[in-house]
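A.B. asks: Data file final11.tsv (TSV, C-alpha atoms) is appended below.
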chain	number	residue	atom	x	y	z
A	355	MET	CA	-9.17	-6.28	-14.50
A	356	SER	CA	-9.92	-4.13	-11.51
A	357	ALA	CA	-7.73	-4.41	-8.45
A	358	THR	CA	-9.40	-6.16	-5.59
A	359	PHE	CA	-8.85	-6.13	-1.88
A	360	ALA	CA	-8.48	-9.81	-1.26
A	361	LEU	CA	-6.72	-9.27	2.05
A	362	THR	CA	-5.96	-12.38	4.02
A	363	ARG	CA	-7.20	-12.63	7.56
A	364	GLY	CA	-3.68	-11.89	8.74
A	365	GLN	CA	-3.36	-8.83	6.52
A	366	MET	CA	-6.69	-7.50	7.70
A	367	ALA	CA	-5.67	-8.07	11.31
A	368	ARG	CA	-2.46	-6.18	10.65
A	369	LEU	CA	-4.35	-3.32	9.04
A	370	GLN	CA	-6.81	-3.17	11.93
A	371	SER	CA	-3.96	-3.10	14.41
A	372	LEU	CA	-2.33	-0.19	12.57
A	373	ILE	CA	-5.62	1.68	12.37
A	374	HIS	CA	-6.53	1.19	16.01
A	375	GLU	CA	-3.13	2.42	17.15
A	376	ALA	CA	-3.35	5.38	14.78
A	377	LEU	CA	-6.74	6.34	16.17
A	378	VAL	CA	-5.30	6.34	19.70
A	379	HIS	CA	-2.82	8.92	18.45
A	380	VAL	CA	-5.63	10.89	16.80
A	381	SER	CA	-7.52	10.86	20.09
A	382	GLY	CA	-4.45	12.25	21.83
A	383	GLY	CA	-4.04	15.01	19.28
A	384	LEU	CA	-7.68	16.05	19.51
A	385	THR	CA	-7.62	15.88	23.31
A	386	ASP	CA	-4.72	18.35	23.32
A	387	MET	CA	-6.50	20.56	20.84
A	388	PHE	CA	-9.83	20.62	22.67
A	389	GLY	CA	-8.36	20.69	26.18
A	390	ALA	CA	-10.71	17.85	27.13
A	391	GLU	CA	-10.73	14.16	26.38
A	392	VAL	CA	-11.74	13.21	22.85
A	393	VAL	CA	-11.94	9.53	22.01
A	394	VAL	CA	-11.95	8.34	18.41
A	395	ARG	CA	-13.16	4.79	18.02
A	396	ALA	CA	-12.82	2.65	14.92
A	397	MET	CA	-16.24	1.28	14.11
A	398	HIS	CA	-15.13	-0.80	11.16
A	399	VAL	CA	-12.18	-1.56	8.96
A	400	ARG	CA	-13.73	-3.33	6.01
A	401	THR	CA	-14.04	-3.72	2.29
A	402	VAL	CA	-17.13	-2.06	0.82
A	403	PRO	CA	-18.42	-1.93	-2.79
A	404	LEU	CA	-18.06	1.62	-4.12
A	405	ALA	CA	-21.81	2.04	-4.56
A	406	GLU	CA	-22.36	1.26	-0.88
A	407	VAL	CA	-19.71	3.45	0.74
A	408	VAL	CA	-22.08	6.37	1.22
A	409	SER	CA	-24.55	4.19	3.09
A	410	ILE	CA	-22.09	4.18	5.99
A	411	VAL	CA	-23.16	7.72	6.81
A	412	GLY	CA	-26.81	7.25	5.87
A	413	SER	CA	-28.45	9.20	3.08
A	414	PRO	CA	-26.29	10.48	0.19
A	415	GLU	CA	-28.35	13.68	0.37
A	416	MET	CA	-27.61	14.44	4.03
A	417	GLU	CA	-25.83	17.75	4.50
A	418	VAL	CA	-22.41	17.26	5.99
A	419	ALA	CA	-19.41	19.44	6.75
A	420	GLY	CA	-15.85	18.42	7.19
A	421	ALA	CA	-12.33	18.29	5.90
A	422	TYR	CA	-10.75	16.38	3.06
A	423	LEU	CA	-7.03	15.57	2.94
A	424	GLN	CA	-4.76	13.52	0.75
A	425	SER	CA	-1.95	11.26	1.80
A	426	GLU	CA	1.04	11.53	-0.50
A	427	GLY	CA	4.20	9.45	-0.63
A	428	GLU	CA	4.61	5.71	-0.22
A	429	LEU	CA	1.00	5.17	0.81
A	430	PRO	CA	-1.20	7.49	-1.22
A	431	GLY	CA	-4.80	7.75	-0.19
A	432	HIS	CA	-7.65	9.99	0.78
A	433	LEU	CA	-8.88	11.00	4.21
A	434	LEU	CA	-12.27	12.41	4.96
A	435	LEU	CA	-13.57	13.80	8.22
A	436	MET	CA	-17.32	14.32	7.90
A	437	MET	CA	-20.04	15.26	10.32
A	438	PRO	CA	-23.64	16.43	10.32
A	439	LEU	CA	-23.97	20.21	10.56
A	440	SER	CA	-25.10	19.95	14.20
A	441	THR	CA	-21.80	18.29	15.12
A	442	ALA	CA	-19.85	20.87	13.14
A	443	TYR	CA	-21.61	23.69	14.98
A	444	ASN	CA	-20.95	22.06	18.39
A	445	LEU	CA	-17.32	21.53	17.49
A	446	CYS	CA	-16.89	25.16	16.38
A	447	ASP	CA	-18.44	26.43	19.61
A	448	VAL	CA	-15.92	24.42	21.64
A	449	LEU	CA	-12.92	25.43	19.54
A	450	LEU	CA	-13.89	29.08	19.29
A	451	GLU	CA	-14.65	29.13	23.05
A	452	GLN	CA	-18.22	30.23	22.56
A	453	PRO	CA	-21.34	29.22	24.48
A	454	ALA	CA	-23.03	26.12	23.07
A	455	GLY	CA	-25.50	27.05	20.36
A	456	THR	CA	-23.63	30.15	19.21
A	457	THR	CA	-22.55	28.76	15.84
A	458	THR	CA	-25.43	28.64	13.37
A	459	ALA	CA	-23.57	28.86	10.06
A	460	LEU	CA	-20.17	27.98	8.63
A	461	GLY	CA	-18.30	31.21	7.93
A	462	GLU	CA	-14.60	31.75	7.45
A	463	MET	CA	-13.69	31.27	11.12
A	464	GLU	CA	-15.75	28.13	11.42
A	465	ALA	CA	-14.32	26.68	8.21
A	466	SER	CA	-10.84	27.38	9.52
A	467	ALA	CA	-11.66	25.59	12.76
A	468	LEU	CA	-12.97	22.56	10.87
A	469	GLY	CA	-9.87	22.55	8.71
A	470	GLU	CA	-7.68	22.55	11.81
A	471	VAL	CA	-9.54	19.58	13.23
A	472	GLY	CA	-9.10	17.78	9.92
A	473	ASN	CA	-5.44	18.65	9.94
A	474	ILE	CA	-4.94	17.20	13.42
A	475	VAL	CA	-6.87	14.04	12.57
A	476	GLY	CA	-5.04	13.49	9.28
A	477	SER	CA	-1.57	14.31	10.59
A	478	PHE	CA	-1.76	12.19	13.74
A	479	PHE	CA	-3.32	9.32	11.82
A	480	LEU	CA	-0.69	9.25	9.09
A	481	ASN	CA	2.23	9.93	11.42
A	482	SER	CA	1.29	6.93	13.50
A	483	ILE	CA	1.04	4.66	10.47
A	484	ALA	CA	4.30	6.02	9.07
A	485	ASP	CA	6.11	5.46	12.38
A	486	ARG	CA	4.93	1.90	12.68
A	487	SER	CA	5.23	0.85	9.05
A	488	GLY	CA	8.34	2.73	8.03
A	489	LEU	CA	6.52	4.08	4.97
A	490	ARG	CA	7.10	7.73	4.16
A	491	MET	CA	4.02	9.85	3.61
A	492	GLN	CA	2.83	13.40	4.01
A	493	VAL	CA	-0.60	14.89	4.38
A	494	THR	CA	-1.83	17.76	2.22
A	495	PRO	CA	-3.45	20.87	3.70
A	496	PRO	CA	-7.13	20.27	4.38
A	497	GLY	CA	-9.90	21.33	2.05
A	498	VAL	CA	-13.07	22.21	3.94
A	499	VAL	CA	-16.29	20.85	2.49
A	500	ASN	CA	-19.98	21.47	3.13
A	501	ASP	CA	-22.37	19.64	0.83
A	502	MET	CA	-24.40	16.47	0.34
A	503	ALA	CA	-22.64	13.42	1.79
A	504	GLY	CA	-22.62	11.67	-1.56
A	505	ALA	CA	-20.98	14.62	-3.28
A	506	VAL	CA	-18.30	14.84	-0.59
A	507	ILE	CA	-17.52	11.11	-0.68
A	508	ASP	CA	-17.20	11.33	-4.48
A	509	ILE	CA	-14.08	13.44	-3.98
A	510	ALA	CA	-12.32	10.86	-1.86
A	511	LEU	CA	-13.26	7.83	-3.95
A	512	LEU	CA	-12.08	8.98	-7.37
A	513	ASP	CA	-8.60	7.48	-7.28
A	514	VAL	CA	-9.85	4.24	-5.75
A	515	ALA	CA	-12.58	3.99	-8.38
A	516	MET	CA	-10.00	4.27	-11.13
A	517	TYR	CA	-8.56	0.88	-10.22
A	518	ALA	CA	-11.11	-0.94	-8.09
A	519	ASP	CA	-14.79	-1.62	-7.62
A	520	GLU	CA	-14.55	-1.65	-3.88
A	521	ALA	CA	-12.78	0.39	-1.24
A	522	VAL	CA	-11.13	-0.44	2.03
A	523	VAL	CA	-13.02	1.87	4.33
A	524	ILE	CA	-11.99	2.80	7.81
A	525	ASP	CA	-14.79	4.56	9.62
A	526	ALA	CA	-14.61	5.91	13.12
A	527	THR	CA	-16.78	7.93	15.46
A	528	PHE	CA	-16.03	10.51	18.13
A	529	GLU	CA	-16.78	11.02	21.82
A	530	HIS	CA	-16.18	14.27	23.64
A	531	GLY	CA	-17.05	15.24	27.19
A	532	GLY	CA	-18.84	11.94	27.72
A	533	ARG	CA	-21.10	12.59	24.71
A	534	HIS	CA	-21.17	10.85	21.41
A	535	TRP	CA	-20.64	13.23	18.51
A	536	PRO	CA	-21.97	11.87	15.28
A	537	ALA	CA	-19.05	12.13	12.87
A	538	TRP	CA	-17.19	9.87	10.53
A	539	PHE	CA	-13.53	9.61	9.77
A	540	MET	CA	-12.92	7.67	6.59
A	541	ALA	CA	-9.63	6.64	5.05
A	542	PHE	CA	-9.45	5.28	1.53
A	543	PRO	CA	-5.95	3.91	0.92
A	544	ASP	CA	-4.80	3.53	-2.66
A	545	PRO	CA	-5.52	-0.09	-3.58
A	546	ILE	CA	-2.21	-0.63	-5.35
A	547	HIS	CA	-0.11	0.52	-2.41
A	548	LEU	CA	-2.18	-1.00	0.38
A	549	ALA	CA	-0.59	-4.43	-0.01
A	550	GLY	CA	2.77	-2.87	0.78
A	551	LEU	CA	1.45	-1.57	4.06
A	552	VAL	CA	-0.01	-4.82	5.31
A	553	ALA	CA	2.58	-7.15	3.89
A	554	GLU	CA	5.93	-5.47	4.28
A	555	GLY	CA	5.78	-2.48	6.53
A	556	GLY	CA	7.40	-2.24	9.90
A	557	ASP	CA	6.74	-4.29	12.99
A	558	ALA	CA	2.95	-4.48	13.06
B	10	MET	CA	-49.88	5.92	-10.72
B	11	SER	CA	-48.21	8.84	-8.98
B	12	ALA	CA	-44.48	9.03	-8.49
B	13	ALA	CA	-44.99	9.01	-4.72
B	14	VAL	CA	-46.04	5.36	-4.70
B	15	GLU	CA	-43.76	4.17	-7.46
B	16	GLN	CA	-40.73	2.05	-6.79
B	17	LEU	CA	-37.63	4.13	-6.11
B	18	LEU	CA	-34.51	2.73	-7.70
B	19	THR	CA	-31.35	4.32	-6.39
B	20	VAL	CA	-28.55	4.33	-8.94
B	21	GLY	CA	-25.37	4.12	-6.90
B	22	LEU	CA	-21.82	5.04	-7.79
B	23	GLY	CA	-20.85	3.32	-11.04
B	24	GLU	CA	-24.21	1.62	-11.48
B	25	ILE	CA	-26.74	1.48	-14.32
B	26	LYS	CA	-30.41	0.84	-13.68
B	27	THR	CA	-33.42	0.64	-15.97
B	28	ALA	CA	-37.18	0.74	-15.58
B	29	ALA	CA	-40.01	-0.07	-17.93
B	30	GLY	CA	-43.42	1.54	-17.50
B	31	SER	CA	-43.08	2.61	-13.90
B	32	GLY	CA	-40.49	3.38	-11.27
B	33	VAL	CA	-38.34	6.35	-10.37
B	34	LEU	CA	-34.63	6.22	-11.06
B	35	MET	CA	-32.54	8.41	-8.74
B	36	ALA	CA	-28.88	9.29	-8.48
B	37	LEU	CA	-28.49	10.92	-5.06
B	38	GLY	CA	-25.76	13.28	-3.94
B	39	LEU	CA	-23.91	13.60	-7.23
B	40	GLY	CA	-20.69	15.57	-6.84
B	41	SER	CA	-18.21	15.30	-9.68
B	42	CYS	CA	-20.13	12.27	-10.93
B	43	ILE	CA	-22.64	12.61	-13.75
B	44	GLY	CA	-26.12	11.17	-13.85
B	45	VAL	CA	-27.10	10.25	-17.42
B	46	ALA	CA	-30.82	9.64	-17.94
B	47	VAL	CA	-32.52	8.37	-21.09
B	48	TRP	CA	-36.24	7.82	-21.76
B	49	ASP	CA	-38.18	6.47	-24.69
B	50	PRO	CA	-41.56	8.24	-24.72
B	51	LEU	CA	-43.25	5.59	-26.84
B	52	MET	CA	-42.15	2.51	-24.95
B	53	ARG	CA	-41.87	4.32	-21.58
B	54	VAL	CA	-38.54	2.64	-21.05
B	55	SER	CA	-35.96	4.53	-19.04
B	56	GLY	CA	-32.44	4.12	-17.83
B	57	MET	CA	-29.90	5.96	-15.74
B	58	ALA	CA	-26.13	5.67	-15.35
B	59	HIS	CA	-24.09	7.09	-12.46
B	60	VAL	CA	-20.78	7.90	-14.15
B	61	VAL	CA	-17.77	8.33	-11.85
B	62	LEU	CA	-14.78	8.84	-14.17
B	63	PRO	CA	-14.18	9.70	-17.84
B	64	ALA	CA	-12.29	6.62	-19.03
B	65	PRO	CA	-10.45	3.62	-17.61
B	66	PRO	CA	-6.68	3.80	-17.22
B	67	ASP	CA	-4.45	1.78	-19.53
B	68	SER	CA	-3.76	-0.65	-16.69
B	69	ASN	CA	-7.47	-1.34	-16.20
B	70	PRO	CA	-8.86	-1.46	-19.74
B	71	ALA	CA	-11.77	-3.71	-18.75
B	72	GLY	CA	-13.20	-0.73	-16.93
B	73	GLY	CA	-16.92	-0.99	-16.36
B	74	PRO	CA	-20.01	1.18	-16.05
B	75	LYS	CA	-18.33	3.65	-13.72
B	76	PHE	CA	-16.43	5.00	-16.74
B	77	ALA	CA	-18.23	7.28	-19.22
B	78	THR	CA	-16.71	5.59	-22.24
B	79	GLN	CA	-18.28	2.30	-21.21
B	80	ALA	CA	-21.32	3.43	-19.23
B	81	ILE	CA	-22.98	5.13	-22.21
B	82	PRO	CA	-22.88	2.14	-24.60
B	83	MET	CA	-23.96	-0.17	-21.76
B	84	LEU	CA	-26.86	2.12	-20.78
B	85	LEU	CA	-28.08	2.35	-24.37
B	86	GLU	CA	-27.74	-1.40	-24.87
B	87	GLN	CA	-29.84	-2.06	-21.77
B	88	VAL	CA	-32.71	0.29	-22.68
B	89	VAL	CA	-32.74	-0.98	-26.26
B	90	ALA	CA	-33.00	-4.52	-24.89
B	91	LEU	CA	-36.15	-3.38	-23.07
B	92	GLY	CA	-37.65	-2.10	-26.31
B	93	ALA	CA	-36.41	1.48	-26.51
B	94	ASN	CA	-35.37	2.98	-29.82
B	95	ARG	CA	-32.21	5.09	-29.82
B	96	SER	CA	-33.63	7.63	-32.22
B	97	ARG	CA	-36.52	8.41	-29.86
B	98	LEU	CA	-34.50	8.70	-26.67
B	99	VAL	CA	-34.82	11.83	-24.60
B	100	CYS	CA	-31.49	12.28	-22.84
B	101	LYS	CA	-30.59	14.66	-20.03
B	102	ILE	CA	-27.56	14.81	-17.76
B	103	ALA	CA	-26.75	16.35	-14.38
B	104	GLY	CA	-23.76	16.57	-12.04
B	105	GLY	CA	-20.11	17.25	-12.78
B	106	ALA	CA	-19.59	19.77	-10.00
B	107	GLN	CA	-16.32	20.79	-8.44
B	108	VAL	CA	-17.40	20.42	-4.85
B	109	LEU	CA	-13.96	21.01	-3.38
B	110	ASN	CA	-12.50	24.24	-4.63
B	111	SER	CA	-9.07	24.25	-3.11
B	112	ALA	CA	-5.85	25.46	-4.64
B	113	ALA	CA	-4.02	22.88	-2.54
B	114	MET	CA	-5.63	20.02	-4.41
B	115	ARG	CA	-4.41	18.47	-7.58
B	116	ASP	CA	-5.69	19.30	-11.03
B	117	SER	CA	-7.55	16.00	-10.99
B	118	PHE	CA	-10.26	17.87	-9.18
B	119	ARG	CA	-11.44	19.23	-12.50
B	120	ILE	CA	-12.86	15.75	-12.79
B	121	GLY	CA	-16.45	16.97	-12.94
B	122	GLU	CA	-15.72	18.97	-16.07
B	123	ARG	CA	-13.80	16.06	-17.60
B	124	ASN	CA	-16.65	13.68	-16.77
B	125	ARG	CA	-19.10	15.96	-18.55
B	126	GLU	CA	-16.89	16.16	-21.64
B	127	ALA	CA	-16.49	12.39	-21.73
B	128	VAL	CA	-20.21	11.77	-21.30
B	129	LEU	CA	-21.10	14.23	-24.07
B	130	ALA	CA	-18.50	12.70	-26.39
B	131	ALA	CA	-19.78	9.16	-25.77
B	132	LEU	CA	-23.39	10.21	-26.34
B	133	ARG	CA	-22.42	12.06	-29.50
B	134	ALA	CA	-20.58	8.97	-30.76
B	135	ALA	CA	-23.70	6.92	-30.08
B	136	GLY	CA	-25.89	9.39	-31.95
B	137	VAL	CA	-27.85	10.49	-28.89
B	138	ARG	CA	-28.50	14.19	-28.46
B	139	VAL	CA	-28.56	15.75	-24.99
B	140	GLN	CA	-31.71	17.81	-24.66
B	141	ALA	CA	-30.95	19.45	-21.32
B	142	GLU	CA	-28.24	19.46	-18.70
B	143	ASP	CA	-27.55	20.82	-15.25
B	144	CYS	CA	-23.80	20.43	-14.86
B	145	GLY	CA	-20.90	22.21	-13.24
B	146	GLY	CA	-20.84	24.66	-10.37
B	147	ASN	CA	-19.59	23.92	-6.88
B	148	THR	CA	-22.49	22.11	-5.27
B	149	GLY	CA	-23.76	18.58	-5.27
B	150	ARG	CA	-27.17	17.61	-6.61
B	151	SER	CA	-29.59	14.74	-6.92
B	152	PHE	CA	-31.15	13.71	-10.23
B	153	ARG	CA	-34.30	11.71	-10.85
B	154	LEU	CA	-36.25	10.32	-13.77
B	155	THR	CA	-39.84	9.14	-13.56
B	156	ALA	CA	-40.32	6.27	-15.97
B	157	ALA	CA	-44.06	6.72	-16.49
B	158	ASP	CA	-43.90	10.24	-17.90
B	159	GLY	CA	-40.20	10.86	-18.51
B	160	LYS	CA	-40.06	13.81	-16.14
B	161	MET	CA	-36.53	14.57	-15.06
B	162	ALA	CA	-35.66	16.84	-12.15
B	163	VAL	CA	-32.68	18.07	-10.18
B	164	LYS	CA	-32.43	18.98	-6.51
B	165	ARG	CA	-29.65	20.85	-4.76
B	166	LEU	CA	-28.92	21.06	-1.06
B	167	GLY	CA	-31.69	22.95	0.70
B	168	SER	CA	-33.81	23.29	-2.45
B	169	ASP	CA	-36.82	21.53	-3.88
B	170	TRP	CA	-36.85	19.45	-7.04
B	171	LYS	CA	-36.74	21.53	-10.20
B	172	ASP	CA	-37.71	20.17	-13.60
B	173	LEU	CA	-34.87	19.74	-16.04
Translate this file's structure into structure tokens.

C.D. replies:
Amino acid sequence: MSATFALTRGQMARLQSLIHEALVHVSGGLTDMFGAEVVVRAMHVRTVPLAEVVSIVGSPEMEVAGAYLQSEGELPGHLLLMMPLSTAYNLCDVLLEQPAGTTTALGEMEASALGEVGNIVGSFFLNSIADRSGLRMQVTPPGVVNDMAGAVIDIALLDVAMYADEAVVIDATFEHGGRHWPAWFMAFPDPIHLAGLVAEGGDA
Amino acid sequence: MSAAVEQLLTVGLGEIKTAAGSGVLMALGLGSCIGVAVWDPLMRVSGMAHVVLPAPPDSNPAGGPKFATQAIPMLLEQVVALGANRSRLVCKIAGGAQVLNSAAMRDSFRIGERNREAVLAALRAAGVRVQAEDCGGNTGRSFRLTAADGKMAVKRLGSDWKDL
């Protein structure tokens, strides 16, 4: 039988609390990186059938860029920072200190910049959860991706799909300089280990 | 009826869908997943599976249509139930890319290749020959099958549909 995510209301509340606090830390890390306030807001923390995960970003064929990371240790999982190309270009211009509109393609420098953003997001996110839950985990170096949204999400869902027909999806969006940047941060915790996080970990 | 006005049936991750007579089956944004399409030219019955993984783990033997070992028999069973004959089936597959090519990632990211091998083995075991495939590489693709005429096509990012 496939594992399911029958989280109780209390467990879901605990998970949401952990996520919201982690995203505050992510916002702080990105604000330091960009030298201007970046706010990452959790749109949803929910359980979604595998076939419907991609609908969170819209069309599976939409071209996206971003960074993929894995969480290893006591809470394995997959992290995905994805954005439309327009957001990726804007982000590269800011990070590479170029006038807006300069970036029109993703070369080596731009990919490196996206990877760094993914690294900050993943590290701050996991460090916060580790601090609060007491679970030990590490984040892998980021892999930079640029492809159809469906193809990118495939990567992050493989382990979850092995054991479950649905995924706990955390999706978040970004604001920078008073503007909304379309982007999605998704975390797919391993279904077998998730119960340990919401039931036993730390003081949440 | 032209494909443009036919019903579009999106085959999502781990799903199987069928169509009889009309309709367009589409697996969009395939990465390491494999789209498996079959069509009976006489009965104009078609089916598509969106395979995610090669085989279920020992701890989850029930599996389901997301696994190649189970998706292929289930797909064939469903089109046969609609009147298709296995011996007439035209079968084509697409997908199985390695979208993320990073040395930092685990070997499991050869999953596209392993999915393809598992799909081919399951089809072979069922006596269905693959007539064409567009698998591998490092980019995602979409795959469609038009039930009325059996046309199958693949589209990559930034490209138009190309017949398979």

A.B. asks: List as CSV every residue of chain A that is in contact with chain B, defined as an atom at most 8 Å from one of its atoms (using only C-alpha atoms), together with the nearest atom pair and the distance in Å rounded to one decimal, sorted by chain and then rising number.

C.D. replies:
residue,atom,partner,partner_atom,distance
A:Met355,CA,B:Asn69,CA,5.5
A:Ser356,CA,B:Asn69,CA,6.0
A:Leu404,CA,B:Leu22,CA,6.3
A:Ala405,CA,B:Leu22,CA,4.4
A:Glu406,CA,B:Gly21,CA,7.3
A:Pro414,CA,B:Gly38,CA,5.0
A:Glu415,CA,B:Gly38,CA,5.0
A:Glu417,CA,B:Leu166,CA,7.2
A:Thr494,CA,B:Ala113,CA,7.3
A:Pro495,CA,B:Ala113,CA,6.6
A:Gly497,CA,B:Ser111,CA,6.0
A:Val498,CA,B:Leu109,CA,7.5
A:Val499,CA,B:Leu109,CA,6.3
A:Asp501,CA,B:Gly149,CA,6.3
A:Met502,CA,B:Gly38,CA,5.5
A:Ala503,CA,B:Gly38,CA,6.5
A:Gly504,CA,B:Gly38,CA,4.3
A:Ala505,CA,B:Gly40,CA,3.7
A:Val506,CA,B:Gly40,CA,6.7
A:Asp508,CA,B:Gly40,CA,6.0
A:Ile509,CA,B:Ser41,CA,7.3
A:Leu512,CA,B:Val61,CA,7.3
A:Ala515,CA,B:Val61,CA,7.6
A:Met516,CA,B:Pro65,CA,6.5
A:Tyr517,CA,B:Asn69,CA,6.5

A.B. asks: State, in Å with one decimal place, the distance from CA of Arg125 in chain B to CA of Ala58 in chain B.

C.D. replies: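 Separating CA of Arg125 in chain B from CA of Ala58 in chain B is a distance of 12.9 Å.
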
A.B. asks: Smallest atom-to-atom distance to Val33 in chain B: which of B:Val47, B:Gln16, B:Ile81, B:Val128, using only C-alpha atoms?

C.D. replies: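 Using only C-alpha atoms, the shortest distance to Val33 in chain B belongs to B:Gln16.
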
A.B. asks: How many Å lie between CA of Gln424 in chain A and CA of Phe479 in chain A, rounded to one decimal?

C.D. replies: 11.9 Å

A.B. asks: So how far away is CA of Leu449 in chain A from CA of Gly476 in chain A, in Å?

C.D. replies: 17.6 Å

A.B. asks: Give me the residues near Asp525 in chain A as a PyMOL selection string, where near means some atom within 7 Å (using all atoms listed in the file) and where sequence neighbours in that chain fewer than 2 positions away do not count.

C.D. replies: chain A and resi 396-399+523+538-540

A.B. asks: Excluding Gly56 in chain B and its own-chain neighbours fewer than 4 positions away, which residues fall within 10 Å of it when counting all atoms listed in the file? Please give them as a PyMOL selection string.

C.D. replies: chain B and resi 20+25-29+33-34+45-49+84-85+87-89+91+93+100+154-156

A.B. asks: Neighbours of range 363-365 of chain A within 10 Å (all atoms listed in the file; same-chain residues fewer than 6 positions away dropped), as a count of residues only?

C.D. replies: 5
